[in-house]
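What follows is a single structure, written as structure tokens, with notes after it.
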Amino acid sequence: MMKVKAIGIANKTSTGKFLDVYFPNIESNNFAISSQMPEITNHLQEIVEVDWCESELQEDVSSPIDAYLKLHLLSNRFVLPNTINLNGLFGVLPNIAWTNKGPIDIGEINESLHKAKVNKNDLYIKSVDKFPCMTDYVVPKNVRIADASRVRLGAYLSEGTTVMHEGFVNFNAGTLGKAMIEGRISAGVVVGNNSDLGGGSSTMGTLSGGNEVKISIGENCLLGANAGIGISLGNNCIVEAGLYVTSGTKVHIMDAQNKASKVVKAKDISGESNLLFMRDSVSGKVIAKENQRKSSLNKELHKND
């Protein structure tokens with residue numbers, strides 16, 4: 001049975017409200033990270049300790065401490081997306097101004113900004129959100145992230161992943177192998193090894209219309225530029241550039257003679273492998289036929305040493 005022990009440093013407001021928690025020490029049966037804990041002299045910081053049994057990973061999130069530990073577990077690659085309970089996450093995370101001087105309570109940011117403007121003018125607000133960017137807390141080995149602000153804490157990035165400037169990875173989502181990400185990986189979505197999300201492409205996650213349906217992209221897939229999916233793709237699939245396939249999209253299945261054999265809703269072929277999705281440029285019909293092209297990533301590009 002897996003157990004998790006963790007020690008973190010929490011930032012608080014003057015009233016004792018937790019803003020965030022950084023966990024440099026996490027230990028379990030099969031993983032561990034460790035850093036020397038400093039002596040805390042700042043009265044707005046606090047050392048927190050967590051000792052969980054495996055069942056507690058499946059309990060609803062009840063505090064910011066719970067939330068940040070679970071997000072750290074994901075971004076440190078200690079647990080896979082969709083394997084721990086994140087229900088209640090949004091309810092316990094406060095909306096925060098994320099700055100170059102750390103998190104600031106949203107109720108105090110205007111005063112802090114005013115003081116900075118009339119003094120050194122040295123306060124920079126990076127975002128106002130419930131989630132910080134992942135790299136403020138965790139930098140996974142052997143990944144490249146062109147714009148760190150577009151990867152939230154709680155993202156799971158496997159070795160060999162490259163996230164380009166327009167790529168975005170939400171929490172509880174990510175890559176299960178080497179991947180090129182120039183599109184959006186929404187919450188709950190996982191992308192398999194050797195797959196490529198083209199520029200401007202989109203995946204429908206559990207927070208963006210996918211509801212409880214967990215969408216995945218298999219291995220050796222290509223989601224073309226500005227394409228999108230509301231269904232899962234098996235292995236070796238391609239969705240042509242600009243085509244958005246939702247679960248209700250009528251798809252004309254083509255046989256070996258390139259003739260339509262039947263018409264189905266896309267959800268009925270969700271997760272099937274070796275499919276090429278494209279739109280007939282004359283009729284506008286969405287068709288799916290056997291994919292005979294093998295997608296491959298540039299090995300040198302994704303070493304990321």
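A note on labels: chains of the structure tokens are A, B, ... as shown, every chain counts residues from 1, and ligands are counted from 1 in their shown order.
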For this session: For Thr249 in chain A, work out the shell of residues within 10 Å, counting only C-alpha atoms and skipping chain neighbours fewer than 6 positions away, then give it as a VMD selection string.
Result: chain A and resid 230 to 231 264 to 267 285 to 286
Write out the residues from the selection above, keeping N, CA, C and O atoms, as a compact mmCIF listing (two decimals), in the first residue's frame.
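The resulting out.txt:
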# COMPACT_ATOMS: atom_id res chain seq x y z
N GLY A 230 -13.08 16.02 -29.90
CA GLY A 230 -13.91 15.79 -28.73
C GLY A 230 -14.11 14.31 -28.52
O GLY A 230 -15.01 13.88 -27.81
N ILE A 231 -13.27 13.50 -29.19
CA ILE A 231 -13.26 12.05 -29.04
C ILE A 231 -11.82 11.62 -28.80
O ILE A 231 -10.89 12.40 -29.01
N VAL A 264 -21.45 7.03 -39.25
CA VAL A 264 -21.57 6.87 -37.81
C VAL A 264 -21.31 8.21 -37.13
O VAL A 264 -20.76 9.13 -37.74
N LYS A 265 -21.73 8.30 -35.87
CA LYS A 265 -21.30 9.43 -35.06
C LYS A 265 -19.86 9.17 -34.61
O LYS A 265 -19.48 8.04 -34.34
N ALA A 266 -19.09 10.25 -34.52
CA ALA A 266 -17.67 10.09 -34.18
C ALA A 266 -17.47 9.36 -32.86
O ALA A 266 -16.49 8.62 -32.70
N LYS A 267 -18.38 9.55 -31.91
CA LYS A 267 -18.22 8.90 -30.62
C LYS A 267 -18.23 7.38 -30.74
O LYS A 267 -17.69 6.67 -29.89
N LYS A 285 -18.18 16.75 -46.43
CA LYS A 285 -18.41 15.63 -45.53
C LYS A 285 -17.12 15.26 -44.79
O LYS A 285 -16.02 15.31 -45.37
N VAL A 286 -17.26 14.88 -43.52
CA VAL A 286 -16.13 14.37 -42.74
C VAL A 286 -16.01 12.88 -43.03
O VAL A 286 -16.99 12.13 -42.91
For this session: Mind checking which residues fall within 8 Å of Ile9 in chain A, counting only C-alpha atoms, ignoring those fewer than 4 positions away in the same chain, and posting them as a PyMOL selection string?
Result: chain A and resi 21-23+45-48
Exercise. How many Å lie between CA of Gln58 in chain A and CA of Asn87 in chain A, rounded to one decimal?
Worked result: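 Distance reported for this atom pair: 9.3 Å.
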For this session: Enumerate, as a list of chain:residue names, the complete set of residues in range 56-141 of chain A that a backbone-based DSSP assignment places in strand (DSSP E or B).
Result: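 Those residues are A:Ile96, A:Ala97, A:Trp98, A:Thr99, A:Gly102, A:Pro103, A:Ile104, A:Asp105, A:Ile125, A:Lys126, A:Ser127, A:Val128, A:Asp129, A:Cys133.
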Exercise. Interatomic distance between CA of Ala10 in chain A and CA of Leu44 in chain A?
Worked result: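 So the two atoms, CA of Ala10 in chain A and CA of Leu44 in chain A, lie 8.3 Å apart.
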For this session: Would you list the contacts of Ala6 in chain A as an MDAnalysis selection string, taking every protein, DNA or RNA residue within 10 Å and counting only C-alpha atoms, but skipping same-chain residues closer than 4 positions in sequence?
Result: chainID A and resid 23:28 32:34 48:52 69
Write to file, as a tab-separated table (two decimals), in the first residue's frame, the residues of the selection just made, with all heavy atoms.
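Output contents, as saved in again29.tsv:
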chain	number	residue	atom	x	y	z
A	23	PHE	N	6.30	22.05	-1.99
A	23	PHE	CA	6.72	20.80	-1.36
A	23	PHE	C	8.06	20.33	-1.94
A	23	PHE	O	8.10	19.64	-2.96
A	23	PHE	CB	5.66	19.71	-1.58
A	23	PHE	CG	4.45	19.83	-0.71
A	23	PHE	CD1	3.28	20.40	-1.20
A	23	PHE	CD2	4.48	19.39	0.61
A	23	PHE	CE1	2.16	20.52	-0.39
A	23	PHE	CE2	3.36	19.50	1.43
A	23	PHE	CZ	2.20	20.07	0.92
A	24	PRO	N	9.17	20.68	-1.28
A	24	PRO	CA	10.48	20.20	-1.74
A	24	PRO	C	10.82	18.81	-1.25
A	24	PRO	O	11.80	18.20	-1.71
A	24	PRO	CB	11.45	21.23	-1.16
A	24	PRO	CG	10.78	21.67	0.11
A	24	PRO	CD	9.31	21.63	-0.15
A	25	ASN	N	10.05	18.30	-0.27
A	25	ASN	CA	10.30	16.97	0.29
A	25	ASN	C	9.04	16.11	0.18
A	25	ASN	O	8.03	16.40	0.84
A	25	ASN	CB	10.72	17.06	1.76
A	25	ASN	CG	12.11	17.63	1.92
A	25	ASN	OD1	13.09	17.03	1.50
A	25	ASN	ND2	12.20	18.81	2.51
A	26	ILE	N	9.12	15.09	-0.67
A	26	ILE	CA	8.01	14.15	-0.83
A	26	ILE	C	8.61	12.75	-0.87
A	26	ILE	O	9.55	12.48	-1.61
A	26	ILE	CB	7.20	14.40	-2.11
A	26	ILE	CG1	6.71	15.85	-2.18
A	26	ILE	CG2	6.02	13.44	-2.20
A	26	ILE	CD1	5.99	16.19	-3.47
A	27	GLU	N	8.06	11.85	-0.07
A	27	GLU	CA	8.59	10.48	-0.01
A	27	GLU	C	7.45	9.48	-0.03
A	27	GLU	O	6.41	9.67	0.59
A	27	GLU	CB	9.40	10.31	1.28
A	27	GLU	CG	10.02	8.92	1.45
A	27	GLU	CD	10.78	8.78	2.76
A	27	GLU	OE1	10.94	9.81	3.45
A	27	GLU	OE2	11.18	7.66	3.08
A	28	SER	N	7.67	8.41	-0.78
A	28	SER	CA	6.71	7.32	-0.82
A	28	SER	C	7.47	6.01	-1.01
A	28	SER	O	8.71	5.99	-0.97
A	28	SER	CB	5.70	7.52	-1.95
A	28	SER	OG	4.72	6.50	-1.91
A	32	ALA	N	10.85	9.58	-4.40
A	32	ALA	CA	11.25	10.53	-3.35
A	32	ALA	C	11.98	11.71	-3.94
A	32	ALA	O	12.72	11.58	-4.93
A	32	ALA	CB	12.14	9.84	-2.31
A	33	ILE	N	11.75	12.89	-3.39
A	33	ILE	CA	12.58	14.06	-3.63
A	33	ILE	C	12.89	14.66	-2.27
A	33	ILE	O	12.09	14.57	-1.34
A	33	ILE	CB	11.88	15.11	-4.52
A	33	ILE	CG1	10.51	15.51	-3.94
A	33	ILE	CG2	11.74	14.62	-5.95
A	33	ILE	CD1	9.87	16.68	-4.65
A	34	SER	N	14.06	15.24	-2.16
A	34	SER	CA	14.46	15.73	-0.85
A	34	SER	C	15.36	16.94	-0.98
A	34	SER	O	16.28	16.97	-1.80
A	34	SER	CB	15.19	14.63	-0.07
A	34	SER	OG	15.60	15.10	1.19
A	48	VAL	N	4.58	22.93	6.79
A	48	VAL	CA	3.43	22.02	6.90
A	48	VAL	C	3.90	20.59	6.61
A	48	VAL	O	4.81	20.38	5.82
A	48	VAL	CB	2.31	22.41	5.91
A	48	VAL	CG1	1.76	23.78	6.24
A	48	VAL	CG2	2.78	22.36	4.46
A	49	GLU	N	3.30	19.65	7.28
A	49	GLU	CA	3.64	18.24	7.09
A	49	GLU	C	2.38	17.45	6.78
A	49	GLU	O	1.32	17.69	7.36
A	49	GLU	CB	4.32	17.68	8.34
A	49	GLU	CG	5.65	18.35	8.66
A	49	GLU	CD	6.41	17.65	9.78
A	49	GLU	OE1	6.17	16.45	9.99
A	49	GLU	OE2	7.23	18.33	10.44
A	50	VAL	N	2.52	16.51	5.85
A	50	VAL	CA	1.40	15.67	5.43
A	50	VAL	C	1.84	14.22	5.50
A	50	VAL	O	2.94	13.87	5.06
A	50	VAL	CB	0.94	16.01	4.00
A	50	VAL	CG1	-0.21	15.10	3.58
A	50	VAL	CG2	0.54	17.47	3.89
A	51	ASP	N	0.99	13.38	6.03
A	51	ASP	CA	1.26	11.93	6.10
A	51	ASP	C	-0.02	11.22	5.64
A	51	ASP	O	-0.99	11.13	6.38
A	51	ASP	CB	1.62	11.53	7.53
A	51	ASP	CG	2.17	10.11	7.62
A	51	ASP	OD1	2.06	9.37	6.61
A	51	ASP	OD2	2.70	9.74	8.68
A	52	TRP	N	0.01	10.76	4.39
A	52	TRP	CA	-1.17	10.15	3.79
A	52	TRP	C	-0.99	8.66	3.58
A	52	TRP	O	0.10	8.20	3.21
A	52	TRP	CB	-1.46	10.76	2.42
A	52	TRP	CG	-2.16	12.08	2.44
A	52	TRP	CD1	-2.78	12.68	3.50
A	52	TRP	CD2	-2.31	12.98	1.33
A	52	TRP	NE1	-3.30	13.89	3.11
A	52	TRP	CE2	-3.04	14.10	1.80
A	52	TRP	CE3	-1.91	12.94	0.00
A	52	TRP	CZ2	-3.37	15.16	0.97
A	52	TRP	CZ3	-2.24	13.99	-0.83
A	52	TRP	CH2	-2.96	15.10	-0.34
A	69	LEU	N	-0.27	19.53	-2.69
A	69	LEU	CA	0.47	18.27	-2.67
A	69	LEU	C	0.07	17.40	-3.86
A	69	LEU	O	0.93	16.82	-4.53
A	69	LEU	CB	0.24	17.52	-1.36
A	69	LEU	CG	0.96	16.17	-1.24
A	69	LEU	CD1	2.45	16.29	-1.54
A	69	LEU	CD2	0.74	15.57	0.14
Exercise. Can you list, as a VMD selection string, every residue of range 18-172 of chain A that DSSP puts in helix (DSSP H, G or I)?
Worked result: chain A and resid 54 to 58 64 to 75 89 to 92 109 to 117 134 to 136 148 to 150
Which residues come within 10 Å of Val92 in chain A, counting only C-alpha atoms, excluding same-chain residues fewer than 2 positions away, as a PDB file with N, CA and C atoms, in the first residue's frame?
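As written to disk, around_4.pdb reads:
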ATOM      1  N   PHE A  18      -4.020  30.578   3.762  1.00  0.00           N
ATOM      2  CA  PHE A  18      -2.984  29.956   2.940  1.00  0.00           C
ATOM      3  C   PHE A  18      -3.083  30.442   1.496  1.00  0.00           C
ATOM      4  N   VAL A  61     -10.470  16.914  -2.358  1.00  0.00           N
ATOM      5  CA  VAL A  61      -9.539  17.946  -1.890  1.00  0.00           C
ATOM      6  C   VAL A  61     -10.272  18.842  -0.895  1.00  0.00           C
ATOM      7  N   SER A  62      -9.706  19.010   0.301  1.00  0.00           N
ATOM      8  CA  SER A  62     -10.405  19.757   1.346  1.00  0.00           C
ATOM      9  C   SER A  62      -9.664  20.999   1.820  1.00  0.00           C
ATOM     10  N   SER A  63      -8.448  21.223   1.323  1.00  0.00           N
ATOM     11  CA  SER A  63      -7.675  22.383   1.761  1.00  0.00           C
ATOM     12  C   SER A  63      -6.630  22.722   0.702  1.00  0.00           C
ATOM     13  N   PRO A  64      -6.075  23.946   0.749  1.00  0.00           N
ATOM     14  CA  PRO A  64      -4.992  24.276  -0.172  1.00  0.00           C
ATOM     15  C   PRO A  64      -3.786  23.356  -0.011  1.00  0.00           C
ATOM     16  N   ILE A  65      -3.544  22.860   1.197  1.00  0.00           N
ATOM     17  CA  ILE A  65      -2.428  21.935   1.414  1.00  0.00           C
ATOM     18  C   ILE A  65      -2.650  20.660   0.615  1.00  0.00           C
ATOM     19  N   ASP A  66      -3.861  20.093   0.703  1.00  0.00           N
ATOM     20  CA  ASP A  66      -4.201  18.916  -0.091  1.00  0.00           C
ATOM     21  C   ASP A  66      -3.992  19.196  -1.580  1.00  0.00           C
ATOM     22  N   ALA A  67      -4.522  20.337  -2.009  1.00  0.00           N
ATOM     23  CA  ALA A  67      -4.485  20.677  -3.430  1.00  0.00           C
ATOM     24  C   ALA A  67      -3.048  20.758  -3.944  1.00  0.00           C
ATOM     25  N   GLY A  88     -13.146  19.074  -5.839  1.00  0.00           N
ATOM     26  CA  GLY A  88     -13.078  20.130  -4.829  1.00  0.00           C
ATOM     27  C   GLY A  88     -11.895  21.052  -4.989  1.00  0.00           C
ATOM     28  N   LEU A  89     -11.062  20.804  -6.004  1.00  0.00           N
ATOM     29  CA  LEU A  89      -9.828  21.578  -6.181  1.00  0.00           C
ATOM     30  C   LEU A  89     -10.097  23.070  -6.337  1.00  0.00           C
ATOM     31  N   PHE A  90     -11.020  23.425  -7.225  1.00  0.00           N
ATOM     32  CA  PHE A  90     -11.279  24.835  -7.482  1.00  0.00           C
ATOM     33  C   PHE A  90     -11.873  25.532  -6.261  1.00  0.00           C
ATOM     34  N   PRO A  94      -7.534  29.647  -3.630  1.00  0.00           N
ATOM     35  CA  PRO A  94      -7.917  31.060  -3.737  1.00  0.00           C
ATOM     36  C   PRO A  94      -7.412  31.665  -5.049  1.00  0.00           C
ATOM     37  N   ASN A  95      -8.108  32.676  -5.526  1.00  0.00           N
ATOM     38  CA  ASN A  95      -7.622  33.421  -6.678  1.00  0.00           C
ATOM     39  C   ASN A  95      -6.499  34.335  -6.206  1.00  0.00           C
ATOM     40  N   LYS A 130      -6.142  30.925 -10.080  1.00  0.00           N
ATOM     41  CA  LYS A 130      -6.094  29.988  -8.968  1.00  0.00           C
ATOM     42  C   LYS A 130      -4.856  29.099  -9.049  1.00  0.00           C
TER      43      LYS A 130
END
Problem set entry | For CA of Gly205 in chain A and CA of Leu86 in chain A, the interatomic separation in Å (one decimal) | 14.5 Å
Exercise. From the set A:Leu19, A:Leu123, A:Ala179, A:Val143, which residue has the shortest atom-to-atom contact distance to Pro103 in chain A, counting only C-alpha atoms?
Worked result: A:Leu19
